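Peer 1: First, the structure itself, so that you have it in front of you.
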Amino acid sequence: QVQLVESGGGSVQAGGSLRLACAASGAIYRSHCMGWFRQAPGKEREPVAGIYTGAGNTRYADSVKGRFTISQDNAKNTVYLQMNSLKSDDTAMYYCAASTEGGRFYIPLARFEYNYWGQGTQVTVSS
């Protein structure tokens, strides 16, 4: 069964940190790329970061560069999103996604390029 399960969301004060995790079934994890997206109330879902699980290449949205880090644990079929220096603007539902597009030389960050989605985990940053 296709499955992506996010965890690690919560509430934190501005300047704080959170780490999200996304556990994927093996078939999905080995697809090609895994990504994190977020959606704030009344806004479009936007990309945050992506990783090619075959080699660990990463790509980030400009809004999170230098603050967020995406990483992987192949033994656990899990992708992480370490979020530091959180701002109130980071408040959103965060979604994990998997893509059969891309690879070592291209990591997709467009929503339409992702085939599978998790249910999301809420991150709330208070100022």
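Ordered as shown in the structure tokens, chains take letters A, B, and onward, while each chain numbers its residues from 1 and ligands are numbered from 1 in the order shown.
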Quick one: residues within 8 Å of Ile107 (chain A), only C-alpha atoms, excluding same-chain residues fewer than 6 positions away - as a list of chain:residue names?
Peer 2: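 The neighbour list is A:Cys33, A:Gly50, A:Ile51, A:Tyr52, A:Asn57, A:Thr58, A:Arg59, A:Glu101.
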Peer 1: Only N, CA, C and O atoms, please: the residues just picked out, written as a PDB file, in the first residue's frame.
Peer 2:
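For reference, selection-v7.pdb as written:
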```pdb
ATOM      1  N   CYS A  33      12.477  11.070  -5.902  1.00  0.00           N
ATOM      2  CA  CYS A  33      12.656  12.234  -5.054  1.00  0.00           C
ATOM      3  C   CYS A  33      11.547  12.326  -4.017  1.00  0.00           C
ATOM      4  O   CYS A  33      10.412  11.932  -4.268  1.00  0.00           O
ATOM      5  N   GLY A  50      13.380  19.579  -1.381  1.00  0.00           N
ATOM      6  CA  GLY A  50      13.325  18.268  -1.999  1.00  0.00           C
ATOM      7  C   GLY A  50      14.671  17.575  -1.883  1.00  0.00           C
ATOM      8  O   GLY A  50      15.706  18.222  -1.692  1.00  0.00           O
ATOM      9  N   ILE A  51      14.633  16.241  -1.986  1.00  0.00           N
ATOM     10  CA  ILE A  51      15.858  15.452  -1.890  1.00  0.00           C
ATOM     11  C   ILE A  51      15.769  14.256  -2.822  1.00  0.00           C
ATOM     12  O   ILE A  51      14.703  13.660  -2.961  1.00  0.00           O
ATOM     13  N   TYR A  52      16.888  13.949  -3.463  1.00  0.00           N
ATOM     14  CA  TYR A  52      16.973  12.752  -4.278  1.00  0.00           C
ATOM     15  C   TYR A  52      17.537  11.655  -3.388  1.00  0.00           C
ATOM     16  O   TYR A  52      18.715  11.707  -3.001  1.00  0.00           O
ATOM     17  N   ASN A  57      21.190  14.484  -2.918  1.00  0.00           N
ATOM     18  CA  ASN A  57      21.145  15.859  -3.441  1.00  0.00           C
ATOM     19  C   ASN A  57      19.908  16.556  -2.903  1.00  0.00           C
ATOM     20  O   ASN A  57      18.852  15.943  -2.768  1.00  0.00           O
ATOM     21  N   THR A  58      20.034  17.845  -2.635  1.00  0.00           N
ATOM     22  CA  THR A  58      18.930  18.600  -2.068  1.00  0.00           C
ATOM     23  C   THR A  58      18.664  19.879  -2.854  1.00  0.00           C
ATOM     24  O   THR A  58      19.517  20.372  -3.594  1.00  0.00           O
ATOM     25  N   ARG A  59      17.473  20.406  -2.637  1.00  0.00           N
ATOM     26  CA  ARG A  59      17.089  21.669  -3.258  1.00  0.00           C
ATOM     27  C   ARG A  59      16.104  22.347  -2.317  1.00  0.00           C
ATOM     28  O   ARG A  59      15.279  21.685  -1.699  1.00  0.00           O
ATOM     29  N   GLU A 101       9.471  11.766 -10.765  1.00  0.00           N
ATOM     30  CA  GLU A 101      10.226  12.637 -11.666  1.00  0.00           C
ATOM     31  C   GLU A 101      11.587  12.906 -11.046  1.00  0.00           C
ATOM     32  O   GLU A 101      11.808  12.694  -9.857  1.00  0.00           O
TER      33      GLU A 101
END
```
Peer 1: Could you name the residues that touch Ser7 (chain A) at 6 Å or less, counting only C-alpha atoms, but leaving out those on the same chain fewer than 2 positions away, as a PyMOL selection string?
Peer 2: chain A and resi 9+20-21
Peer 1: Can you write out the residues you just picked, keeping N, CA, C and O atoms, as a short mmCIF file (atom, residue, chain, number, x, y, z; two decimals), in the first residue's frame?
Peer 2:
```cif
data_model
loop_
_atom_site.label_atom_id
_atom_site.label_comp_id
_atom_site.auth_asym_id
_atom_site.auth_seq_id
_atom_site.Cartn_x
_atom_site.Cartn_y
_atom_site.Cartn_z
N GLY A 9 5.22 17.63 13.93
CA GLY A 9 4.69 18.98 13.98
C GLY A 9 4.34 19.39 15.40
O GLY A 9 4.36 18.58 16.33
N LEU A 20 10.61 17.62 11.47
CA LEU A 20 9.54 16.79 10.91
C LEU A 20 10.15 15.52 10.33
O LEU A 20 11.29 15.52 9.86
N ALA A 21 9.36 14.46 10.36
CA ALA A 21 9.78 13.20 9.78
C ALA A 21 8.70 12.69 8.84
O ALA A 21 7.51 12.91 9.07
#
```
Peer 1: Between CA of Ala97 (chain A) and CA of Phe37 (chain A), measure the distance and give it in Å to one decimal.
Peer 2: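 Taking CA of Ala97 (chain A) as the start and CA of Phe37 (chain A) as the end point, the length is 7.5 Å.
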Peer 1: I need the strand (DSSP E or B) residues of chain A per DSSP on the backbone, written as a ChimeraX atom specification.
Peer 2: /A:4-7,10-13,18-24,33-39,46-52,57-60,68-73,78-83,92-99,103,106,116-117,121-126
Peer 1: So, counting only C-alpha atoms, which residue among A:Ser25, A:Thr124, A:Gln39, A:Gln13 is closest to Thr78 (chain A)?
Peer 2: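 Checking each candidate against Thr78 (chain A), we get A:Ser25 as the closest.
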Peer 1: Smallest atom-to-atom distance to Ala23 (chain A): which of A:Tyr60, A:Trp117, A:Phe112, A:Phe68, using only C-alpha atoms?
Peer 2: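 Going through A:Tyr60, A:Trp117, A:Phe112, A:Phe68 one by one, the smallest distance to Ala23 (chain A) is for A:Trp117.
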Peer 1: What parts of chain A does DSSP call alpha helix (DSSP H)? I'd like the answer as a ChimeraX atom specification.
Peer 2: /A:26-29
Peer 1: I want to know what sits within 12 Å of Arg19 (chain A), based on only C-alpha atoms, with residues of the same chain fewer than 4 positions away left out; could you give that as a PyMOL selection string?
Peer 2: chain A and resi 6-12+67-71+79-86+94+121-123
Peer 1: Store the residues picked out above in a file with N, CA, C and O atoms, as a tab-separated table (two decimals), in the first residue's frame.
Peer 2:
```tsv
chain	number	residue	atom	x	y	z
A	6	GLU	N	3.61	11.58	8.03
A	6	GLU	CA	4.38	12.67	8.62
A	6	GLU	C	4.22	12.66	10.14
A	6	GLU	O	3.19	12.25	10.66
A	7	SER	N	5.24	13.19	10.81
A	7	SER	CA	5.17	13.38	12.26
A	7	SER	C	6.11	14.50	12.65
A	7	SER	O	6.94	14.93	11.83
A	8	GLY	N	5.97	14.99	13.89
A	8	GLY	CA	6.91	15.98	14.40
A	8	GLY	C	6.40	17.40	14.44
A	8	GLY	O	7.11	18.29	14.92
A	9	GLY	N	5.22	17.63	13.93
A	9	GLY	CA	4.69	18.98	13.98
A	9	GLY	C	4.34	19.39	15.40
A	9	GLY	O	4.36	18.58	16.33
A	10	GLY	N	4.05	20.68	15.57
A	10	GLY	CA	3.69	21.16	16.89
A	10	GLY	C	3.73	22.68	16.93
A	10	GLY	O	3.76	23.34	15.89
A	11	SER	N	3.72	23.19	18.14
A	11	SER	CA	3.75	24.63	18.35
A	11	SER	C	5.09	25.04	18.94
A	11	SER	O	5.61	24.36	19.84
A	12	VAL	N	5.62	26.14	18.47
A	12	VAL	CA	6.92	26.61	18.94
A	12	VAL	C	6.94	28.13	18.85
A	12	VAL	O	6.21	28.73	18.05
A	67	ARG	N	17.92	28.06	6.75
A	67	ARG	CA	17.20	27.80	8.01
A	67	ARG	C	16.71	26.35	8.10
A	67	ARG	O	16.68	25.78	9.19
A	68	PHE	N	16.32	25.79	6.99
A	68	PHE	CA	15.78	24.43	6.95
A	68	PHE	C	16.77	23.49	6.30
A	68	PHE	O	17.49	23.88	5.37
A	69	THR	N	16.78	22.25	6.76
A	69	THR	CA	17.64	21.22	6.18
A	69	THR	C	16.83	19.95	5.96
A	69	THR	O	16.21	19.44	6.91
A	70	ILE	N	16.85	19.44	4.74
A	70	ILE	CA	16.21	18.17	4.44
A	70	ILE	C	17.28	17.09	4.43
A	70	ILE	O	18.39	17.30	3.94
A	71	SER	N	16.94	15.94	5.00
A	71	SER	CA	17.91	14.84	5.08
A	71	SER	C	17.18	13.52	5.00
A	71	SER	O	15.95	13.48	4.99
A	79	VAL	N	12.49	10.53	5.55
A	79	VAL	CA	13.06	11.84	5.20
A	79	VAL	C	12.71	12.80	6.32
A	79	VAL	O	11.60	12.76	6.86
A	80	TYR	N	13.65	13.66	6.64
A	80	TYR	CA	13.47	14.61	7.74
A	80	TYR	C	13.51	16.05	7.21
A	80	TYR	O	14.13	16.33	6.17
A	81	LEU	N	12.88	16.94	7.95
A	81	LEU	CA	13.00	18.37	7.69
A	81	LEU	C	13.32	19.04	9.01
A	81	LEU	O	12.46	19.16	9.88
A	82	GLN	N	14.57	19.45	9.16
A	82	GLN	CA	15.00	20.19	10.35
A	82	GLN	C	14.73	21.67	10.10
A	82	GLN	O	15.24	22.23	9.13
A	83	MET	N	13.94	22.26	10.95
A	83	MET	CA	13.55	23.65	10.77
A	83	MET	C	14.08	24.47	11.94
A	83	MET	O	13.68	24.24	13.09
A	84	ASN	N	14.98	25.39	11.64
A	84	ASN	CA	15.57	26.25	12.66
A	84	ASN	C	15.18	27.70	12.41
A	84	ASN	O	14.72	28.05	11.32
A	85	SER	N	15.39	28.53	13.41
A	85	SER	CA	15.07	29.97	13.29
A	85	SER	C	13.67	30.17	12.73
A	85	SER	O	13.47	30.97	11.80
A	86	LEU	N	12.74	29.49	13.29
A	86	LEU	CA	11.37	29.54	12.77
A	86	LEU	C	10.74	30.92	12.94
A	86	LEU	O	11.01	31.62	13.93
A	94	TYR	N	2.30	21.12	6.95
A	94	TYR	CA	3.43	20.64	6.17
A	94	TYR	C	3.14	19.24	5.65
A	94	TYR	O	2.73	18.36	6.40
A	121	THR	N	1.18	17.52	8.63
A	121	THR	CA	1.39	17.75	10.06
A	121	THR	C	1.46	19.26	10.28
A	121	THR	O	2.11	19.98	9.52
A	122	GLN	N	0.78	19.73	11.31
A	122	GLN	CA	0.65	21.17	11.53
A	122	GLN	C	1.85	21.73	12.27
A	122	GLN	O	2.31	21.16	13.28
A	123	VAL	N	2.34	22.86	11.78
A	123	VAL	CA	3.41	23.60	12.45
A	123	VAL	C	2.88	25.00	12.74
A	123	VAL	O	2.42	25.69	11.83
```
Peer 1: What lies within 12 Å of Ala98 (chain A) using only C-alpha atoms, ignoring chain neighbours under 2 positions off, as a ChimeraX atom specification?
Peer 2: /A:2-5,22-37,49-53,77-79,95-96,100-103,107-118
Peer 1: Take the residues from that selection and write them out as a compact mmCIF listing (two decimals), in the first residue's frame, keeping N, CA and C atoms.
Peer 2:
```txt
# COMPACT_ATOMS: atom_id res chain seq x y z
N VAL A 2 0.53 2.21 -0.83
CA VAL A 2 1.25 3.47 -0.89
C VAL A 2 0.99 4.25 0.38
N GLN A 3 2.05 4.66 1.05
CA GLN A 3 1.85 5.36 2.31
C GLN A 3 2.99 6.32 2.63
N LEU A 4 2.62 7.53 3.00
CA LEU A 4 3.55 8.53 3.52
C LEU A 4 2.97 9.03 4.82
N VAL A 5 3.74 8.94 5.90
CA VAL A 5 3.23 9.34 7.20
C VAL A 5 4.16 10.37 7.81
N CYS A 22 9.12 12.00 7.80
CA CYS A 22 8.19 11.40 6.84
C CYS A 22 8.64 9.97 6.59
N ALA A 23 7.84 9.04 7.07
CA ALA A 23 8.13 7.62 6.86
C ALA A 23 7.39 7.16 5.62
N ALA A 24 8.13 6.53 4.70
CA ALA A 24 7.55 6.13 3.43
C ALA A 24 7.65 4.63 3.24
N SER A 25 6.68 4.09 2.54
CA SER A 25 6.79 2.68 2.17
C SER A 25 7.97 2.55 1.19
N GLY A 26 8.58 1.38 1.17
CA GLY A 26 9.81 1.21 0.41
C GLY A 26 9.69 1.56 -1.05
N ALA A 27 8.58 1.17 -1.65
CA ALA A 27 8.42 1.41 -3.09
C ALA A 27 8.41 2.90 -3.39
N ILE A 28 7.77 3.67 -2.53
CA ILE A 28 7.73 5.11 -2.75
C ILE A 28 9.10 5.71 -2.50
N TYR A 29 9.74 5.34 -1.44
CA TYR A 29 11.01 5.94 -1.06
C TYR A 29 12.04 5.77 -2.15
N ARG A 30 11.98 4.65 -2.82
CA ARG A 30 12.97 4.39 -3.86
C ARG A 30 12.56 4.97 -5.20
N SER A 31 11.40 5.65 -5.24
CA SER A 31 10.90 6.17 -6.51
C SER A 31 11.93 7.06 -7.18
N HIS A 32 12.18 8.21 -6.63
CA HIS A 32 13.23 9.10 -7.10
C HIS A 32 13.47 10.22 -6.10
N CYS A 33 12.48 11.07 -5.90
CA CYS A 33 12.66 12.23 -5.05
C CYS A 33 11.55 12.33 -4.02
N MET A 34 11.92 12.86 -2.88
CA MET A 34 10.97 13.14 -1.80
C MET A 34 10.99 14.64 -1.55
N GLY A 35 9.86 15.18 -1.18
CA GLY A 35 9.80 16.62 -0.96
C GLY A 35 8.91 17.00 0.21
N TRP A 36 9.11 18.22 0.67
CA TRP A 36 8.24 18.82 1.68
C TRP A 36 7.58 20.04 1.06
N PHE A 37 6.29 20.17 1.29
CA PHE A 37 5.51 21.32 0.88
C PHE A 37 4.79 21.86 2.11
N ALA A 49 11.28 22.02 0.27
CA ALA A 49 12.57 21.39 -0.02
C ALA A 49 12.36 20.04 -0.67
N GLY A 50 13.38 19.58 -1.38
CA GLY A 50 13.33 18.27 -2.00
C GLY A 50 14.67 17.58 -1.88
N ILE A 51 14.63 16.24 -1.99
CA ILE A 51 15.86 15.45 -1.89
C ILE A 51 15.77 14.26 -2.82
N TYR A 52 16.89 13.95 -3.46
CA TYR A 52 16.97 12.75 -4.28
C TYR A 52 17.54 11.66 -3.39
N THR A 53 16.73 10.69 -3.05
CA THR A 53 17.13 9.69 -2.06
C THR A 53 18.24 8.78 -2.56
N ASN A 77 13.79 4.36 5.59
CA ASN A 77 12.92 4.91 4.54
C ASN A 77 12.24 6.20 5.01
N THR A 78 13.03 7.05 5.63
CA THR A 78 12.49 8.25 6.26
C THR A 78 13.25 9.48 5.79
N VAL A 79 12.49 10.53 5.55
CA VAL A 79 13.06 11.84 5.20
C VAL A 79 12.71 12.80 6.32
N TYR A 95 3.36 19.08 4.34
CA TYR A 95 3.08 17.82 3.67
C TYR A 95 4.35 17.20 3.11
N CYS A 96 4.44 15.90 3.27
CA CYS A 96 5.49 15.13 2.62
C CYS A 96 4.95 14.60 1.30
N THR A 100 8.07 10.54 -8.91
CA THR A 100 8.80 9.66 -9.81
C THR A 100 9.54 10.46 -10.88
N GLU A 101 9.47 11.77 -10.77
CA GLU A 101 10.23 12.64 -11.67
C GLU A 101 11.59 12.91 -11.05
N GLY A 102 12.48 13.43 -11.82
CA GLY A 102 13.74 13.90 -11.30
C GLY A 102 14.73 12.81 -10.98
N GLY A 103 15.83 13.24 -10.40
CA GLY A 103 16.91 12.33 -10.06
C GLY A 103 18.12 13.11 -9.63
N ILE A 107 15.91 17.98 -9.11
CA ILE A 107 15.01 17.69 -8.01
C ILE A 107 13.78 18.55 -8.18
N PRO A 108 12.65 17.95 -8.44
CA PRO A 108 11.43 18.73 -8.66
C PRO A 108 10.96 19.45 -7.41
N LEU A 109 10.42 20.64 -7.60
CA LEU A 109 9.80 21.38 -6.50
C LEU A 109 8.41 21.91 -6.88
N ALA A 110 7.89 21.45 -8.00
CA ALA A 110 6.54 21.86 -8.38
C ALA A 110 5.53 20.83 -7.91
N ARG A 111 4.41 21.31 -7.45
CA ARG A 111 3.39 20.42 -6.89
C ARG A 111 2.96 19.35 -7.89
N PHE A 112 2.81 19.71 -9.16
CA PHE A 112 2.30 18.76 -10.15
C PHE A 112 3.29 17.64 -10.44
N GLU A 113 4.53 17.80 -10.02
CA GLU A 113 5.55 16.79 -10.27
C GLU A 113 5.56 15.68 -9.22
N TYR A 114 4.73 15.81 -8.20
CA TYR A 114 4.69 14.83 -7.12
C TYR A 114 3.44 13.97 -7.22
N ASN A 115 3.65 12.66 -7.09
CA ASN A 115 2.59 11.69 -7.33
C ASN A 115 1.87 11.26 -6.05
N TYR A 116 2.59 11.24 -4.94
CA TYR A 116 2.03 10.72 -3.69
C TYR A 116 2.18 11.75 -2.59
N TRP A 117 1.17 11.79 -1.72
CA TRP A 117 1.13 12.80 -0.66
C TRP A 117 0.75 12.19 0.67
N GLY A 118 1.33 12.75 1.74
CA GLY A 118 0.91 12.39 3.08
C GLY A 118 -0.27 13.24 3.52
```
Peer 1: When distances are computed from only C-alpha atoms, which of A:Leu18, A:Val64, A:Val125, A:Val48 shows the smallest separation from Thr91 (chain A)?
Peer 2: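 Comparing A:Leu18, A:Val64, A:Val125, A:Val48 against Thr91 (chain A), the winner is A:Val125.
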